[in-house]
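Asker: Please see the structure below; I have some questions.
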Amino acid sequence: MDSSDRYDLLIIGGGINGVGIARDAAGRGLKVLLVEQSDLASGTSSASTKLIHGGLRYLEYLEFRLVAESLAERETLLAIAPHIVWPIEFVLPHESHLRPAWMIRAGLFLYDHLGARMLGFGGRSTLPKSKSVRFEPGGYGAGLKPEFERGFSYYDCWVDDARLVVLNARSAAAHGATILTRTRLVSAQRGPIEWVATLEGEPGGRRAVRASAIVNAAGPWVREVLDDVLKIKLEAKVRLVKGSHIVVPRVHEEHHAFILQNPDRRVVFLIPYERQFTLVGTTEVPVLHDEFRARISREEIGYLCEAASRYTAKPITPGMVVWSYSGVRPLFDDGSESPSAVTRDYQLLLDAGGEPGSPPLLSVFGGKITTYRRLAEQVLDKLSGRFPAKPAWTHAEPLPGGDLGGLSYRGLLLDYRRRFPRLPKNWVARLLRRHGSLAEEIIGDAQDEAALGRNFGGGLYECEIDFLVRNEWARDSEDVLWRRTKCGLHMSVAEQLQVRDWMAERV
Ligand SMILES: Cc1cc2nc3c(=O)[nH]c(=O)nc-3n(C[C@H](O)[C@H](O)[C@H](O)COP(=O)(O)OP(=O)(O)OC[C@H]3O[C@@H](n4cnc5c(N)ncnc54)[C@H](O)[C@@H]3O)c2cc1C
């Protein structure tokens with residue numbers, strides 16, 4: 001083993017928490033290796049509701065610390081990734097028998113103010129404050145049954161979750177981290193001063209690496225990595241709770257989303273998605289063992305359709321579902337009975353190894369997309385005795401493509417439309433949403449559609465696939481169609497298969 005196989009930090013898992021930690025650590029000068037057994041964001045981190053949110057409903061469970069930290073993170077992420085994070089208005093139709101108006105007003109008041117203390121923005125959120133609203137047909141009431149006449153409005157943020165993961169990985173790599181996808185940690189032995197870990201990856205074969213510390217950010221697999229791979233005893237338990245979403249034709253043409261109360265006291269979101277669609281989610285189904293490819297059940301589809309149809313003017317039926325996805329929440333088990341009540345806050349458990357100088361192992365339990373950046377800072381704080389201290393920095397540097405040169409997304413779009421008048425307008429808009437200021441690298445000197453390479457349909461051209469393969473670890477059509485883009489949703493099965501075959505030949 002030569003010095004190139006020696007790292008300060010070995011991170012297990014290329015979900016949002018793993019890549020967030022890799023970015024932060026690499027930027028502080030650590031030599032970092034991140035291994036992901038499949039594709040980046042192939043676990044829970046591409047299967048979320050895609051909200052950067054405080055979590056209004058967590059207030060009912062008195063999770064004030066988590067809500068305050070999350071509300072503050074909305075501002076930071078809006079600032080460092082304005083191409084993939086943007087504000088979205090949520091409308092809550094009022095139903096007094098489910099929650100009285102005073103209770104909702106009190107919750108929204110807290111929601112408006114809780115994050116302020118943690119903000120370095122003069123203590124004020126840049127998002128509009130909550131308010132009471134009357135539903136007009138075509139306005140806030142669009143798509144709803146006429147009996148819903150009033151409600152409340154507040155703001156949270158939308159994020160492209162899988163792209164947030166990929167961009168953090170890119171930034172980590174730009175700061176010197178090594179990112180290996182399709183590479184699994186199969187075992188690791190703790191030596192007196194470092195770990196010796198065995199990795200198994202493409203193109204086959206095993207290799208050994210040494211690391212001064214390991215971070216177990218394996219999400220739903222966190223226990224499996226502890227028990228079966230590292231063989232370390234740690235009392236903490238993880239609660240695995242599956243959550244699913246369905247995608248249906250767009251319910252209304254307005255920009256706002258709905259947060260709908262259900263008689264079981266849960267809430268279900270209806271969110272405008274990928275222009276023509278509405279995303280409906282989510283469910284909470286306890287699972288005992290993680291299914292690597294969690295799938296939606298018929299019962300979950302029925303539950304989501306029923307929850308949405310209690311409110312929508314036109315019923316939402318299983319036959320309308322054009323796509324669905326499921327993921328498993330890796331929650332820290334706090335002993336709560338109901339899956340809704342289990343804490344959404346994260347726990348970082350440090351196993352120092354017993355002997356002085358032993359290489360540490362830090363395991364991440366829980367953690368939301370919203371809080372990944374703060375979680376990473378706290379991981380580095382916990383490991384700070386081991387490595388030279390460097391200040392936190394990730395709040396200040398834009399993620400790749402996030403430096404829009406002082407323009408808003410809208411301003412950037414107008415600028416591109418002026419500079420590339422003969423490129424397809426919708427494509428340019430989508431490209432900017434995915435890549436921000438890096439879109440220029442994909443367009444190159446193309447001035448018209450013919451210069452973009454093969455058109456695969458669904459808004460996907462050869463030049464973008466090339467870019468994703470070269471810069472974003474994309475290896476097959478799933479990586480491209482369902483994670484780095486959502487072009488799969490806009491393509492026929494035949495078109496998807498053409499992408500698969502084309503990539504299989506070239507990548
Ligand atoms: C239905 C649902 C909705 C959600 N909605 C939101 C939301 O709107 N907003 C929000 O903030 N949060 C949301 N969350 C929570 C959030 O998605 C998760 O908490 C977060 O994605 C967990 O990220 P992670 O990095 O810990 O895990 P993961 O994304 O699962 O990453 C872990 C990775 O580890 C890899 N791995 C495992 N074992 C090994 C090994 N031996 N070697 C190498 N790699 C390995 C896996 O392949 C996996 O990719 C939601 C979750 C669900 C399920």
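The way I read the labels, and the way they are meant: chains A, B, ... in the order of the structure tokens, residue 1 as the first residue of every chain, and ligand 1 as the first ligand shown, with later ones counted on from there.
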Neighbours of ligand 1 at 6 Å or closer, counting only C-alpha atoms and all ligand atoms: which residues, as a ChimeraX atom specification?
Answerer: /A:12-18,35-38,40-45,47-52,183-186,217-221,225,242-244,282,327-329,366-370
Asker: Would you mind writing down, as a ChimeraX atom specification, each residue of region 72-200 of chain A that DSSP on the backbone assigns to strand (DSSP E)?
Answerer: /A:85-93,131-134,150-159,178-180,183-190,195-200
Asker: I'd like to know which of A:Val280, A:Ala504, A:Ala341, A:Ile88 is closest to Arg74 (chain A), using only C-alpha atoms.
Answerer: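 Ranking A:Val280, A:Ala504, A:Ala341, A:Ile88 by distance to Arg74 (chain A), first place goes to A:Ile88.
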Asker: Looking at A:Arg484, A:Arg470, A:Arg134, A:Lys231, which one is nearest to Glu149 (chain A), with distances taken over only C-alpha atoms?
Answerer: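 Closest to Glu149 (chain A), using only C-alpha atoms: A:Arg134.
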Asker: Can you tell me, as a list in words, what residues are no more than 8 Å from Pro93 (chain A) when counting only C-alpha atoms, ignoring any on the same chain fewer than 3 positions away?
Answerer: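 Within the cut-off, the hits are Phe148, Glu149, Arg150, Gly151, Phe152, Phe258, Ile259 and Leu260 of chain A.
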Asker: Could those residues be written to a file, using N, CA and C atoms, as a PDB file, in the first residue's frame?
Answerer:
ATOM      1  N   PHE A 148     -63.809  24.514   0.108  1.00  0.00           N
ATOM      2  CA  PHE A 148     -62.647  25.062   0.820  1.00  0.00           C
ATOM      3  C   PHE A 148     -62.538  26.540   0.460  1.00  0.00           C
ATOM      4  N   GLU A 149     -62.815  27.390   1.437  1.00  0.00           N
ATOM      5  CA  GLU A 149     -62.932  28.824   1.134  1.00  0.00           C
ATOM      6  C   GLU A 149     -61.799  29.664   1.697  1.00  0.00           C
ATOM      7  N   ARG A 150     -61.101  29.137   2.677  1.00  0.00           N
ATOM      8  CA  ARG A 150     -60.015  29.941   3.253  1.00  0.00           C
ATOM      9  C   ARG A 150     -58.948  29.037   3.840  1.00  0.00           C
ATOM     10  N   GLY A 151     -57.823  29.669   4.127  1.00  0.00           N
ATOM     11  CA  GLY A 151     -56.713  28.889   4.682  1.00  0.00           C
ATOM     12  C   GLY A 151     -55.544  29.797   5.024  1.00  0.00           C
ATOM     13  N   PHE A 152     -54.349  29.256   4.952  1.00  0.00           N
ATOM     14  CA  PHE A 152     -53.142  29.988   5.359  1.00  0.00           C
ATOM     15  C   PHE A 152     -52.067  29.764   4.301  1.00  0.00           C
ATOM     16  N   PHE A 258     -49.831  22.742  -2.124  1.00  0.00           N
ATOM     17  CA  PHE A 258     -50.769  22.592  -1.009  1.00  0.00           C
ATOM     18  C   PHE A 258     -50.172  21.690   0.053  1.00  0.00           C
ATOM     19  N   ILE A 259     -50.461  22.015   1.305  1.00  0.00           N
ATOM     20  CA  ILE A 259     -50.182  21.088   2.403  1.00  0.00           C
ATOM     21  C   ILE A 259     -51.551  20.714   2.964  1.00  0.00           C
ATOM     22  N   LEU A 260     -51.889  19.450   2.869  1.00  0.00           N
ATOM     23  CA  LEU A 260     -53.248  18.996   3.167  1.00  0.00           C
ATOM     24  C   LEU A 260     -53.274  18.191   4.458  1.00  0.00           C
TER      25      LEU A 260
END
Asker: Which one is closest to Leu362 (chain A): A:Lys382, A:Arg374, A:Arg422, A:Arg182? Count only C-alpha atoms.
Answerer: A:Lys382
Asker: So that I can check the surroundings of Glu440 (chain A), please list as an MDAnalysis selection string every protein, DNA and RNA residue that reaches within 12 Å of it, counting only C-alpha atoms and ignoring chain neighbours fewer than 5 positions away.
Answerer: chainID A and resid 401 404 412:413 415:416 419:420 428 431:432 434:435 445:447 463:464 467
Asker: As a list in words, list the residues of region 190-328 of chain A assigned to helix (DSSP H, G or I) by DSSP on the backbone atoms of this structure.
Answerer: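 Here is the list: Gly219, Pro220, Trp221, Val222, Arg223, Glu224, Val225, Leu226, Asp227, Asp228, Val229, Leu230, Arg298, Glu299, Glu300, Ile301, Gly302, Tyr303, Leu304, Cys305, Glu306, Ala307, Ala308, Ser309, Pro318, Gly319 and Met320 of chain A.
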Asker: Suppose we keep N, CA, C and O atoms; can you now write the selection as a short mmCIF file (atom, residue, chain, number, x, y, z; two decimals), in the first residue's frame?
Answerer:
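result05.cif was written with the following content:
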data_model
loop_
_atom_site.label_atom_id
_atom_site.label_comp_id
_atom_site.auth_asym_id
_atom_site.auth_seq_id
_atom_site.Cartn_x
_atom_site.Cartn_y
_atom_site.Cartn_z
N GLY A 219 -26.73 5.99 5.76
CA GLY A 219 -28.19 6.20 5.75
C GLY A 219 -28.91 4.98 6.30
O GLY A 219 -28.61 4.51 7.41
N PRO A 220 -29.86 4.42 5.54
CA PRO A 220 -30.61 3.28 6.05
C PRO A 220 -29.73 2.05 6.33
O PRO A 220 -30.16 1.12 7.00
N TRP A 221 -28.52 2.06 5.82
CA TRP A 221 -27.62 0.92 6.02
C TRP A 221 -26.67 1.16 7.19
O TRP A 221 -25.71 0.42 7.37
N VAL A 222 -26.89 2.22 7.98
CA VAL A 222 -25.93 2.60 9.01
C VAL A 222 -25.67 1.45 10.00
O VAL A 222 -24.54 1.18 10.37
N ARG A 223 -26.75 0.74 10.35
CA ARG A 223 -26.60 -0.37 11.30
C ARG A 223 -25.90 -1.55 10.66
O ARG A 223 -25.05 -2.20 11.27
N GLU A 224 -26.28 -1.80 9.41
CA GLU A 224 -25.68 -2.93 8.68
C GLU A 224 -24.16 -2.71 8.57
O GLU A 224 -23.38 -3.65 8.77
N VAL A 225 -23.75 -1.48 8.28
CA VAL A 225 -22.31 -1.20 8.18
C VAL A 225 -21.64 -1.42 9.54
O VAL A 225 -20.56 -2.01 9.64
N LEU A 226 -22.32 -0.99 10.61
CA LEU A 226 -21.74 -1.20 11.94
C LEU A 226 -21.64 -2.68 12.29
O LEU A 226 -20.60 -3.16 12.70
N ASP A 227 -22.76 -3.41 12.07
CA ASP A 227 -22.83 -4.80 12.52
C ASP A 227 -22.06 -5.74 11.62
O ASP A 227 -21.29 -6.57 12.08
N ASP A 228 -22.27 -5.62 10.30
CA ASP A 228 -21.76 -6.65 9.39
C ASP A 228 -20.41 -6.28 8.77
O ASP A 228 -19.65 -7.16 8.38
N VAL A 229 -20.16 -4.98 8.59
CA VAL A 229 -18.94 -4.59 7.89
C VAL A 229 -17.84 -4.23 8.90
O VAL A 229 -16.74 -4.76 8.86
N LEU A 230 -18.17 -3.34 9.84
CA LEU A 230 -17.14 -2.89 10.79
C LEU A 230 -17.09 -3.76 12.04
O LEU A 230 -16.11 -3.76 12.76
N ARG A 298 -49.57 -0.98 -3.30
CA ARG A 298 -50.90 -0.57 -3.76
C ARG A 298 -51.62 0.23 -2.67
O ARG A 298 -52.32 1.19 -2.93
N GLU A 299 -51.38 -0.17 -1.40
CA GLU A 299 -52.04 0.53 -0.28
C GLU A 299 -51.55 1.99 -0.19
O GLU A 299 -52.33 2.89 0.07
N GLU A 300 -50.26 2.16 -0.41
CA GLU A 300 -49.74 3.54 -0.33
C GLU A 300 -50.32 4.41 -1.45
O GLU A 300 -50.67 5.57 -1.24
N ILE A 301 -50.43 3.83 -2.65
CA ILE A 301 -51.02 4.60 -3.77
C ILE A 301 -52.45 4.98 -3.40
O ILE A 301 -52.87 6.12 -3.55
N GLY A 302 -53.18 4.00 -2.84
CA GLY A 302 -54.57 4.26 -2.45
C GLY A 302 -54.64 5.36 -1.39
O GLY A 302 -55.48 6.26 -1.47
N TYR A 303 -53.75 5.29 -0.41
CA TYR A 303 -53.74 6.28 0.68
C TYR A 303 -53.50 7.68 0.12
O TYR A 303 -54.21 8.63 0.48
N LEU A 304 -52.50 7.81 -0.77
CA LEU A 304 -52.16 9.14 -1.30
C LEU A 304 -53.28 9.68 -2.17
O LEU A 304 -53.62 10.87 -2.11
N CYS A 305 -53.89 8.80 -3.00
CA CYS A 305 -54.99 9.25 -3.86
C CYS A 305 -56.16 9.73 -3.00
O CYS A 305 -56.77 10.77 -3.26
N GLU A 306 -56.46 8.97 -1.94
CA GLU A 306 -57.60 9.32 -1.09
C GLU A 306 -57.33 10.63 -0.35
O GLU A 306 -58.20 11.51 -0.29
N ALA A 307 -56.10 10.76 0.18
CA ALA A 307 -55.76 11.98 0.94
C ALA A 307 -55.88 13.21 0.04
O ALA A 307 -56.42 14.24 0.45
N ALA A 308 -55.40 13.10 -1.20
CA ALA A 308 -55.45 14.25 -2.11
C ALA A 308 -56.89 14.51 -2.56
O ALA A 308 -57.34 15.67 -2.63
N SER A 309 -57.64 13.44 -2.83
CA SER A 309 -58.98 13.60 -3.39
C SER A 309 -59.98 14.15 -2.38
O SER A 309 -61.05 14.62 -2.76
N PRO A 318 -55.68 5.96 -8.88
CA PRO A 318 -54.45 5.20 -9.17
C PRO A 318 -54.13 5.16 -10.66
O PRO A 318 -52.96 5.16 -11.04
N GLY A 319 -55.16 5.19 -11.50
CA GLY A 319 -54.93 5.15 -12.96
C GLY A 319 -54.22 6.39 -13.48
O GLY A 319 -53.70 6.39 -14.61
N MET A 320 -54.19 7.47 -12.69
CA MET A 320 -53.55 8.71 -13.15
C MET A 320 -52.06 8.75 -12.84
O MET A 320 -51.35 9.67 -13.26
#
Asker: Identify, on the basis of only C-alpha atoms, every residue whose closest approach to region 472-482 of chain A does not exceed 10 Å; exclude the query and any residue fewer than 6 positions from it along the same chain; express the result as a PDB file with N, CA and C atoms, in the first residue's frame.
Answerer:
ATOM      1  N   SER A  38     -23.254   2.307  -4.938  1.00  0.00           N
ATOM      2  CA  SER A  38     -24.030   2.357  -6.183  1.00  0.00           C
ATOM      3  C   SER A  38     -23.747   3.706  -6.849  1.00  0.00           C
ATOM      4  N   ASP A  39     -24.804   4.437  -7.201  1.00  0.00           N
ATOM      5  CA  ASP A  39     -24.610   5.782  -7.756  1.00  0.00           C
ATOM      6  C   ASP A  39     -24.795   6.803  -6.628  1.00  0.00           C
ATOM      7  N   LEU A  40     -24.246   7.999  -6.802  1.00  0.00           N
ATOM      8  CA  LEU A  40     -24.511   9.088  -5.869  1.00  0.00           C
ATOM      9  C   LEU A  40     -26.029   9.278  -5.776  1.00  0.00           C
ATOM     10  N   ALA A  41     -26.533   9.515  -4.589  1.00  0.00           N
ATOM     11  CA  ALA A  41     -27.968   9.776  -4.362  1.00  0.00           C
ATOM     12  C   ALA A  41     -28.874   8.613  -4.766  1.00  0.00           C
ATOM     13  N   SER A  42     -28.320   7.418  -4.883  1.00  0.00           N
ATOM     14  CA  SER A  42     -29.177   6.296  -5.275  1.00  0.00           C
ATOM     15  C   SER A  42     -29.982   5.762  -4.088  1.00  0.00           C
ATOM     16  N   SER A  46     -32.395  10.705  -3.159  1.00  0.00           N
ATOM     17  CA  SER A  46     -33.111  11.149  -4.363  1.00  0.00           C
ATOM     18  C   SER A  46     -34.604  10.856  -4.218  1.00  0.00           C
ATOM     19  N   ALA A 162     -31.356  15.175  -5.687  1.00  0.00           N
ATOM     20  CA  ALA A 162     -30.249  14.393  -6.261  1.00  0.00           C
ATOM     21  C   ALA A 162     -29.160  15.308  -6.806  1.00  0.00           C
ATOM     22  N   ARG A 163     -29.566  16.458  -7.368  1.00  0.00           N
ATOM     23  CA  ARG A 163     -28.541  17.370  -7.892  1.00  0.00           C
ATOM     24  C   ARG A 163     -27.766  18.030  -6.739  1.00  0.00           C
ATOM     25  N   VAL A 166     -25.059  15.586  -6.048  1.00  0.00           N
ATOM     26  CA  VAL A 166     -24.008  15.550  -7.073  1.00  0.00           C
ATOM     27  C   VAL A 166     -23.150  16.819  -7.000  1.00  0.00           C
ATOM     28  N   LEU A 167     -23.783  17.959  -6.766  1.00  0.00           N
ATOM     29  CA  LEU A 167     -23.011  19.209  -6.730  1.00  0.00           C
ATOM     30  C   LEU A 167     -22.098  19.271  -5.500  1.00  0.00           C
ATOM     31  N   ALA A 169     -20.752  16.625  -4.233  1.00  0.00           N
ATOM     32  CA  ALA A 169     -19.648  15.708  -4.584  1.00  0.00           C
ATOM     33  C   ALA A 169     -18.665  16.406  -5.520  1.00  0.00           C
ATOM     34  N   ARG A 170     -19.201  17.163  -6.467  1.00  0.00           N
ATOM     35  CA  ARG A 170     -18.311  17.899  -7.389  1.00  0.00           C
ATOM     36  C   ARG A 170     -17.455  18.892  -6.632  1.00  0.00           C
ATOM     37  N   ILE A 179     -13.732  10.678  -5.026  1.00  0.00           N
ATOM     38  CA  ILE A 179     -15.107  10.153  -4.931  1.00  0.00           C
ATOM     39  C   ILE A 179     -15.154   8.886  -5.774  1.00  0.00           C
ATOM     40  N   LEU A 180     -15.431   7.750  -5.142  1.00  0.00           N
ATOM     41  CA  LEU A 180     -15.521   6.494  -5.898  1.00  0.00           C
ATOM     42  C   LEU A 180     -16.947   5.976  -5.830  1.00  0.00           C
ATOM     43  N   THR A 181     -17.626   5.985  -6.975  1.00  0.00           N
ATOM     44  CA  THR A 181     -18.960   5.390  -6.994  1.00  0.00           C
ATOM     45  C   THR A 181     -18.806   3.921  -7.394  1.00  0.00           C
ATOM     46  N   ARG A 182     -19.914   3.176  -7.262  1.00  0.00           N
ATOM     47  CA  ARG A 182     -19.879   1.726  -7.541  1.00  0.00           C
ATOM     48  C   ARG A 182     -18.746   1.054  -6.771  1.00  0.00           C
ATOM     49  N   GLY A 458     -37.487  14.300 -24.632  1.00  0.00           N
ATOM     50  CA  GLY A 458     -37.626  14.628 -23.208  1.00  0.00           C
ATOM     51  C   GLY A 458     -36.707  15.751 -22.747  1.00  0.00           C
ATOM     52  N   LEU A 460     -33.435  16.021 -23.577  1.00  0.00           N
ATOM     53  CA  LEU A 460     -32.074  15.518 -23.329  1.00  0.00           C
ATOM     54  C   LEU A 460     -31.297  15.420 -24.647  1.00  0.00           C
ATOM     55  N   GLU A 464     -25.339  17.094 -23.166  1.00  0.00           N
ATOM     56  CA  GLU A 464     -25.524  17.075 -21.706  1.00  0.00           C
ATOM     57  C   GLU A 464     -25.100  15.715 -21.135  1.00  0.00           C
ATOM     58  N   ILE A 465     -25.429  14.635 -21.862  1.00  0.00           N
ATOM     59  CA  ILE A 465     -24.993  13.313 -21.357  1.00  0.00           C
ATOM     60  C   ILE A 465     -23.470  13.290 -21.260  1.00  0.00           C
ATOM     61  N   ASP A 466     -22.803  13.798 -22.302  1.00  0.00           N
ATOM     62  CA  ASP A 466     -21.329  13.837 -22.276  1.00  0.00           C
ATOM     63  C   ASP A 466     -20.826  14.570 -21.031  1.00  0.00           C
ATOM     64  N   GLY A 488     -36.319  11.345 -17.809  1.00  0.00           N
ATOM     65  CA  GLY A 488     -37.058  10.088 -17.961  1.00  0.00           C
ATOM     66  C   GLY A 488     -38.563  10.301 -17.890  1.00  0.00           C
ATOM     67  N   LEU A 489     -38.962  11.263 -17.067  1.00  0.00           N
ATOM     68  CA  LEU A 489     -40.386  11.539 -16.867  1.00  0.00           C
ATOM     69  C   LEU A 489     -41.037  12.102 -18.130  1.00  0.00           C
ATOM     70  N   HIS A 490     -40.239  12.666 -19.003  1.00  0.00           N
ATOM     71  CA  HIS A 490     -40.776  13.306 -20.202  1.00  0.00           C
ATOM     72  C   HIS A 490     -40.539  12.456 -21.443  1.00  0.00           C
ATOM     73  N   MET A 491     -40.124  11.200 -21.257  1.00  0.00           N
ATOM     74  CA  MET A 491     -39.782  10.346 -22.404  1.00  0.00           C
ATOM     75  C   MET A 491     -40.675   9.121 -22.461  1.00  0.00           C
ATOM     76  N   GLN A 496     -36.344   6.065 -23.607  1.00  0.00           N
ATOM     77  CA  GLN A 496     -35.456   5.745 -22.476  1.00  0.00           C
ATOM     78  C   GLN A 496     -34.503   4.615 -22.836  1.00  0.00           C
ATOM     79  N   LEU A 497     -35.036   3.636 -23.564  1.00  0.00           N
ATOM     80  CA  LEU A 497     -34.193   2.493 -23.942  1.00  0.00           C
ATOM     81  C   LEU A 497     -33.093   2.924 -24.908  1.00  0.00           C
ATOM     82  N   GLN A 498     -33.402   3.923 -25.735  1.00  0.00           N
ATOM     83  CA  GLN A 498     -32.359   4.406 -26.654  1.00  0.00           C
ATOM     84  C   GLN A 498     -31.208   5.045 -25.875  1.00  0.00           C
ATOM     85  N   VAL A 499     -31.540   5.766 -24.814  1.00  0.00           N
ATOM     86  CA  VAL A 499     -30.470   6.348 -23.980  1.00  0.00           C
ATOM     87  C   VAL A 499     -29.659   5.219 -23.345  1.00  0.00           C
ATOM     88  N   ARG A 500     -30.382   4.201 -22.864  1.00  0.00           N
ATOM     89  CA  ARG A 500     -29.689   3.070 -22.220  1.00  0.00           C
ATOM     90  C   ARG A 500     -28.690   2.433 -23.186  1.00  0.00           C
ATOM     91  N   ASP A 501     -29.169   2.141 -24.406  1.00  0.00           N
ATOM     92  CA  ASP A 501     -28.304   1.457 -25.374  1.00  0.00           C
ATOM     93  C   ASP A 501     -27.133   2.349 -25.785  1.00  0.00           C
ATOM     94  N   TRP A 502     -27.427   3.618 -25.978  1.00  0.00           N
ATOM     95  CA  TRP A 502     -26.382   4.554 -26.425  1.00  0.00           C
ATOM     96  C   TRP A 502     -25.290   4.646 -25.354  1.00  0.00           C
ATOM     97  N   MET A 503     -25.713   4.731 -24.075  1.00  0.00           N
ATOM     98  CA  MET A 503     -24.704   4.852 -23.010  1.00  0.00           C
ATOM     99  C   MET A 503     -23.950   3.538 -22.824  1.00  0.00           C
ATOM    100  N   ALA A 504     -24.655   2.414 -22.974  1.00  0.00           N
ATOM    101  CA  ALA A 504     -23.984   1.115 -22.803  1.00  0.00           C
ATOM    102  C   ALA A 504     -22.868   0.953 -23.835  1.00  0.00           C
ATOM    103  N   ARG A 506     -21.102   3.435 -25.185  1.00  0.00           N
ATOM    104  CA  ARG A 506     -20.028   4.445 -25.118  1.00  0.00           C
ATOM    105  C   ARG A 506     -19.370   4.612 -23.752  1.00  0.00           C
ATOM    106  N   VAL A 507     -20.071   4.276 -22.675  1.00  0.00           N
ATOM    107  CA  VAL A 507     -19.515   4.618 -21.342  1.00  0.00           C
ATOM    108  C   VAL A 507     -18.827   3.406 -20.717  1.00  0.00           C
TER     109      VAL A 507
END
Asker: Hey, what's within 10 Å of Pro391 (chain A) if we count only C-alpha atoms and toss same-chain stuff fewer than 6 positions away? As number ranges by chain, please?
Answerer: A: 27-28, 377, 380-381
Asker: Please, could you write that set of residues out with all heavy atoms as a PDB file, in the first residue's frame?
Answerer:
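Result file follows (part_38.pdb):
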ATOM      1  N   GLY A  27     -12.497  20.800   1.956  1.00  0.00           N
ATOM      2  CA  GLY A  27     -12.248  22.244   1.950  1.00  0.00           C
ATOM      3  C   GLY A  27     -11.430  22.697   3.161  1.00  0.00           C
ATOM      4  O   GLY A  27     -10.829  23.760   3.144  1.00  0.00           O
ATOM      5  N   ARG A  28     -11.431  21.883   4.225  1.00  0.00           N
ATOM      6  CA  ARG A  28     -10.596  22.222   5.398  1.00  0.00           C
ATOM      7  C   ARG A  28      -9.224  21.573   5.303  1.00  0.00           C
ATOM      8  O   ARG A  28      -8.474  21.528   6.276  1.00  0.00           O
ATOM      9  CB  ARG A  28     -11.292  21.772   6.686  1.00  0.00           C
ATOM     10  CG  ARG A  28     -12.586  22.497   6.948  1.00  0.00           C
ATOM     11  CD  ARG A  28     -13.085  22.237   8.352  1.00  0.00           C
ATOM     12  NE  ARG A  28     -14.525  22.415   8.441  1.00  0.00           N
ATOM     13  CZ  ARG A  28     -15.149  22.785   9.546  1.00  0.00           C
ATOM     14  NH1 ARG A  28     -14.481  23.018  10.638  1.00  0.00           N
ATOM     15  NH2 ARG A  28     -16.470  22.902   9.548  1.00  0.00           N
ATOM     16  N   GLU A 377     -20.788  20.174   9.450  1.00  0.00           N
ATOM     17  CA  GLU A 377     -19.949  21.017  10.323  1.00  0.00           C
ATOM     18  C   GLU A 377     -19.789  20.372  11.694  1.00  0.00           C
ATOM     19  O   GLU A 377     -18.710  20.394  12.281  1.00  0.00           O
ATOM     20  CB  GLU A 377     -20.585  22.408  10.477  1.00  0.00           C
ATOM     21  CG  GLU A 377     -20.455  23.249   9.219  1.00  0.00           C
ATOM     22  CD  GLU A 377     -21.067  24.647   9.362  1.00  0.00           C
ATOM     23  OE1 GLU A 377     -21.816  24.898  10.334  1.00  0.00           O
ATOM     24  OE2 GLU A 377     -20.804  25.482   8.490  1.00  0.00           O
ATOM     25  N   LEU A 380     -17.343  17.518  11.708  1.00  0.00           N
ATOM     26  CA  LEU A 380     -15.944  17.975  11.748  1.00  0.00           C
ATOM     27  C   LEU A 380     -15.576  18.523  13.117  1.00  0.00           C
ATOM     28  O   LEU A 380     -14.455  18.347  13.579  1.00  0.00           O
ATOM     29  CB  LEU A 380     -15.675  18.967  10.622  1.00  0.00           C
ATOM     30  CG  LEU A 380     -15.599  18.165   9.324  1.00  0.00           C
ATOM     31  CD1 LEU A 380     -15.873  19.010   8.117  1.00  0.00           C
ATOM     32  CD2 LEU A 380     -14.264  17.458   9.184  1.00  0.00           C
ATOM     33  N   ASP A 381     -16.550  19.146  13.794  1.00  0.00           N
ATOM     34  CA  ASP A 381     -16.289  19.577  15.175  1.00  0.00           C
ATOM     35  C   ASP A 381     -15.957  18.367  16.038  1.00  0.00           C
ATOM     36  O   ASP A 381     -15.035  18.386  16.844  1.00  0.00           O
ATOM     37  CB  ASP A 381     -17.523  20.261  15.785  1.00  0.00           C
ATOM     38  CG  ASP A 381     -17.687  21.676  15.258  1.00  0.00           C
ATOM     39  OD1 ASP A 381     -16.754  22.158  14.581  1.00  0.00           O
ATOM     40  OD2 ASP A 381     -18.748  22.273  15.513  1.00  0.00           O
TER      41      ASP A 381
END
Asker: Using only C-alpha atoms, determine which residues lie at most 10 Å from His83 (chain A), disregarding the query and same-chain residues fewer than 2 positions distant; provide the list as a tab-separated table (two decimals) with C-alpha atoms, in the first residue's frame.
Answerer:
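Ended up saving to part-v9.tsv:
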chain	number	residue	atom	x	y	z
A	78	LEU	CA	-30.81	29.66	-1.24
A	79	ALA	CA	-27.64	31.74	-1.27
A	80	ILE	CA	-25.15	29.00	-2.25
A	81	ALA	CA	-27.33	27.06	-4.70
A	85	VAL	CA	-33.10	25.75	-4.57
A	86	TRP	CA	-35.96	28.22	-4.80
A	159	VAL	CA	-34.63	21.62	-3.92
A	160	ASP	CA	-33.54	19.19	-6.59
A	399	LEU	CA	-21.98	25.12	-4.98
A	400	PRO	CA	-20.88	24.44	-8.60
A	401	GLY	CA	-23.04	26.50	-10.96
A	402	GLY	CA	-24.46	28.50	-8.04
A	403	ASP	CA	-22.48	31.64	-8.68
A	404	LEU	CA	-24.89	33.45	-11.00
A	408	SER	CA	-31.21	36.02	-10.29
A	409	TYR	CA	-32.20	32.79	-12.05
A	410	ARG	CA	-34.65	34.86	-14.12
A	412	LEU	CA	-29.59	34.49	-16.04
A	431	LEU	CA	-30.54	23.41	-18.40
A	432	LEU	CA	-30.08	26.51	-16.24
A	433	ARG	CA	-32.16	24.96	-13.48
A	434	ARG	CA	-29.94	21.88	-13.49
A	435	HIS	CA	-26.54	23.48	-14.02
A	436	GLY	CA	-26.79	27.21	-13.26
A	437	SER	CA	-23.78	29.09	-14.57
Asker: Quick one: pull the distance between CA of Val321 (chain A) and CA of Ile296 (chain A), Å, one decimal.
Answerer: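 Answer for the CA of Val321 (chain A) to CA of Ile296 (chain A) separation: 11.6 Å.
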